[in-house]
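Undergrad: Just dropping this structure here.
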Amino acid sequence: MKALILGCSHAAGDEMYKDPSFAIDGIKKWNFGYQNSYPVLIAQQLGYRPLNYAIPGGSNDAMFRIFYEQLDQLTPDDVVIACWTGIDRTEIWHDLDQRWLPFSQGQHTFHPIVDNEYALSGLNSGGQISLDCDYQAYREQWGRYQVNLISSKLNKLKNILSLNNLAQHHSIPVININSFCPIKCPNYIIWAADESFWDWADRNHCNRTDWGHYFLDTHQRFADLIVTNIKNKL
């Protein structure tokens, strides 16, 4: 049984390696988050094999796109753990480099990616993408002219409804969680927690990095909460 994990940097366990309790070097520090983020811990506690397709800076658009790409590989014995993210994000296809580029507010770099056994959407390798300046200029225009509260909320809602309805059509269960930026959804969309990962961690005064990411203990505690909430519902 597999758990398809979708989300952004929180689902990728970004910066988890900075926890002062650990001493992690080299590639292991990047893998650590992908192996120990809260959706991975949820999957393992429920008896699923985690497949972590989360993307740092990733969008709700990317989450639906990856789900659709992987749909043929899923069965009713599997589960989708959808860790929905911020509303001011999207992605664009980079034809020359043949990859998707995540667009988010405040982002300043795009890097080439390499295959990784834990980061299944690829791991940033450093360096520069082709035509980097052009794509950065386009990202800035997108942020200035296309991001607004109403359309961005509707875009997140569209992705949530599309993924859940298509999954239901194929009898694939979905665990819906907000990593942050919750929005109002129809009552038939069932959430595994009443608040987002970010809001829960902030309310509990959990330690975080300068970029707003959390450490292993916070991920573990939130995963335990989710499992307690849903264990008897799957």
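For the structure tokens, the naming scheme is as follows: chains receive sequential letters (A, B, ...) according to their order of presentation, residues are indexed from 1 within each chain, and ligands are indexed from 1 in presentation order.
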Going by DSSP on the backbone, which bits of region 26-190 of chain A are alpha helix (DSSP H)? Write them as a ChimeraX atom specification, please.
TA: /A:26-36,38-45,60-70,132-145,149-169
Undergrad: With a distance cut-off of 10 Å and only C-alpha atoms, select the neighbouring residues of Val114 (chain A), excluding the residue or stretch itself and same-chain residues fewer than 4 positions from it, and output the selection as a short mmCIF file (atom, residue, chain, number, x, y, z; two decimals) with C-alpha atoms, in the first residue's frame.
TA:
data_model
loop_
_atom_site.label_atom_id
_atom_site.label_comp_id
_atom_site.auth_asym_id
_atom_site.auth_seq_id
_atom_site.Cartn_x
_atom_site.Cartn_y
_atom_site.Cartn_z
CA ALA A 119 12.51 13.65 -3.17
CA LEU A 120 10.52 12.14 -6.01
CA SER A 121 9.87 15.48 -7.73
CA GLY A 122 13.64 16.00 -7.84
CA LEU A 123 16.19 17.71 -5.65
CA ASN A 124 17.68 21.15 -6.31
CA SER A 125 21.25 20.75 -7.54
CA GLY A 126 22.40 24.37 -7.48
#
Undergrad: Can you tell me which residues surround Val174 (chain A) at a distance of at most 9 Å, considering only C-alpha atoms, apart from same-chain residues fewer than 6 positions away, and format the answer as a list of chain:residue names?
TA: A:Val79, A:Val80, A:Ile81, A:Ala82, A:Leu163, A:Asn164, A:Ala167, A:Gln168, A:Ile190
Undergrad: Considering only C-alpha atoms, state which residue in the set A:Lys2, A:His94, A:Arg221, A:Arg208 is at the smallest distance from Glu15 (chain A).
TA: A:Arg208
Undergrad: For CA of Lys156 (chain A) and CA of Asp61 (chain A), determine how far apart the two atoms are, in Å to one decimal place.
TA: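 Calculated distance between CA of Lys156 (chain A) and CA of Asp61 (chain A) is 7.7 Å.
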Undergrad: Could you find all residues in region 54-135 of chain A that DSSP calls strand (DSSP E or B) from the backbone, and write them as a PyMOL selection string?
TA: chain A and resi 79-84+89-94+99-104+113-114+123-124
Undergrad: For Thr209 (chain A), which residue out of A:Ile189, A:Ser9, A:His111, A:Lys18 is the nearest one, using only C-alpha atoms?
TA: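 Closest residue, counting only C-alpha atoms: A:Lys18.
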Undergrad: Need the shell around region 185-187 of chain A: protein/DNA/RNA residues with any atom at most 9 Å away, counting only C-alpha atoms. Skip same-chain ones fewer than 6 positions apart. Format as a list in words?
TA: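 The residues that qualify are Leu157, Ile160 and Leu161 of chain A.
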Undergrad: Could you turn the residues from that selection into a file that holds C-alpha atoms, as a JSON list (two decimals), in the first residue's frame?
TA:
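The file below, selection_18.json, is the result:
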[["chain", "number", "residue", "atom", "x", "y", "z"],
["A", 157, "LEU", "CA", -10.48, 25.64, -4.20],
["A", 160, "ILE", "CA", -8.95, 20.79, -3.88],
["A", 161, "LEU", "CA", -12.30, 19.96, -5.50]]
Undergrad: Considering only C-alpha atoms, return as a PyMOL selection string whatever protein or nucleic-acid residues lie within 9 Å of Tyr135 (chain A), sequence-local ones (same chain, fewer than 5 positions apart) excluded.
TA: chain A and resi 94+101+110+130+140
Undergrad: Would you mind exporting the chosen residues as a CSV table (one decimal), in the first residue's frame, restricted to N, CA and C atoms?
TA:
chain,number,residue,atom,x,y,z
A,94,HIS,N,9.0,24.7,-18.3
A,94,HIS,CA,10.2,25.2,-18.9
A,94,HIS,C,10.5,24.3,-20.0
A,101,LEU,N,8.7,24.7,-13.3
A,101,LEU,CA,9.3,25.7,-12.4
A,101,LEU,C,8.2,26.2,-11.4
A,110,PHE,N,15.8,29.8,-9.4
A,110,PHE,CA,15.4,28.5,-9.9
A,110,PHE,C,16.7,27.7,-10.1
A,130,SER,N,18.3,27.3,-17.7
A,130,SER,CA,18.4,28.0,-19.0
A,130,SER,C,17.5,29.2,-19.0
A,140,GLU,N,8.1,37.7,-11.8
A,140,GLU,CA,7.8,39.0,-11.2
A,140,GLU,C,6.6,39.6,-11.8
Undergrad: As an exercise, work out the distance from CA of Ala3 (chain A) to CA of Ala193 (chain A) in Å and give it to one decimal place.
TA: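 Separation between CA of Ala3 (chain A) and CA of Ala193 (chain A): 18.1 Å.
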Undergrad: For Ser152 (chain A), work out the shell of residues within 10 Å, counting only C-alpha atoms and skipping chain neighbours fewer than 3 positions away, then give it as a PyMOL selection string.
TA: chain A and resi 86-90+146-149+155-158
Undergrad: Determine the nearest neighbour of Pro56 (chain A) from the options A:Ala137, A:Cys8, A:Ile183, A:Ile175, counting only C-alpha atoms.
TA: A:Cys8
Undergrad: Between A:Leu166, A:Ile150, A:Ile129, A:Ile66, single out the one closest to Leu96 (chain A), counting only C-alpha atoms.
TA: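 With only C-alpha atoms as the atom set, the closest residue is A:Ile129.
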Undergrad: Write out as a PyMOL selection string each polymer residue whose atoms come within 8 Å of region 31-34 of chain A, counting only C-alpha atoms; drop sequence neighbours fewer than 3 positions from it.
TA: chain A and resi 11-17+27-28+37+40+52+118-119
Undergrad: Limited to C-alpha atoms, could you put the picked residues into a file as an mmCIF file, in the first residue's frame?
TA:
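File written: result_6.cif
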data_model
loop_
_atom_site.group_PDB
_atom_site.id
_atom_site.type_symbol
_atom_site.label_atom_id
_atom_site.label_comp_id
_atom_site.auth_asym_id
_atom_site.auth_seq_id
_atom_site.Cartn_x
_atom_site.Cartn_y
_atom_site.Cartn_z
ATOM 1 C CA ALA A 11 5.570 18.322 3.343
ATOM 2 C CA ALA A 12 9.182 18.154 2.129
ATOM 3 C CA GLY A 13 10.481 18.754 5.652
ATOM 4 C CA ASP A 14 12.490 21.738 4.470
ATOM 5 C CA GLU A 15 15.258 22.912 6.837
ATOM 6 C CA MET A 16 14.504 20.123 9.300
ATOM 7 C CA TYR A 17 18.213 19.259 9.218
ATOM 8 C CA ILE A 27 23.102 14.787 0.880
ATOM 9 C CA LYS A 28 21.719 13.204 4.052
ATOM 10 C CA SER A 37 8.093 15.259 7.320
ATOM 11 C CA VAL A 40 5.639 10.723 5.778
ATOM 12 C CA ASN A 52 7.090 11.989 -1.228
ATOM 13 C CA TYR A 118 13.280 10.306 -1.476
ATOM 14 C CA ALA A 119 12.506 13.646 -3.168
#
Undergrad: From the list A:Glu117, A:Asp19, A:Arg203, A:Leu6, which residue is nearest Arg65 (chain A) when using only C-alpha atoms?
TA: A:Leu6
Undergrad: For each of A:Ser151, A:Gln220, A:Ser104, A:Ser162, take the minimum atom-to-atom distance to Tyr138 (chain A), counting only C-alpha atoms, then give the residue where this is smallest.
TA: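 Smallest distance to Tyr138 (chain A) is found for A:Ser104.
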Undergrad: What separation in Å, quoted to one decimal, exists between CA of Ala201 (chain A) and CA of Cys83 (chain A)?
TA: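 Distance reported for this atom pair: 14.8 Å.
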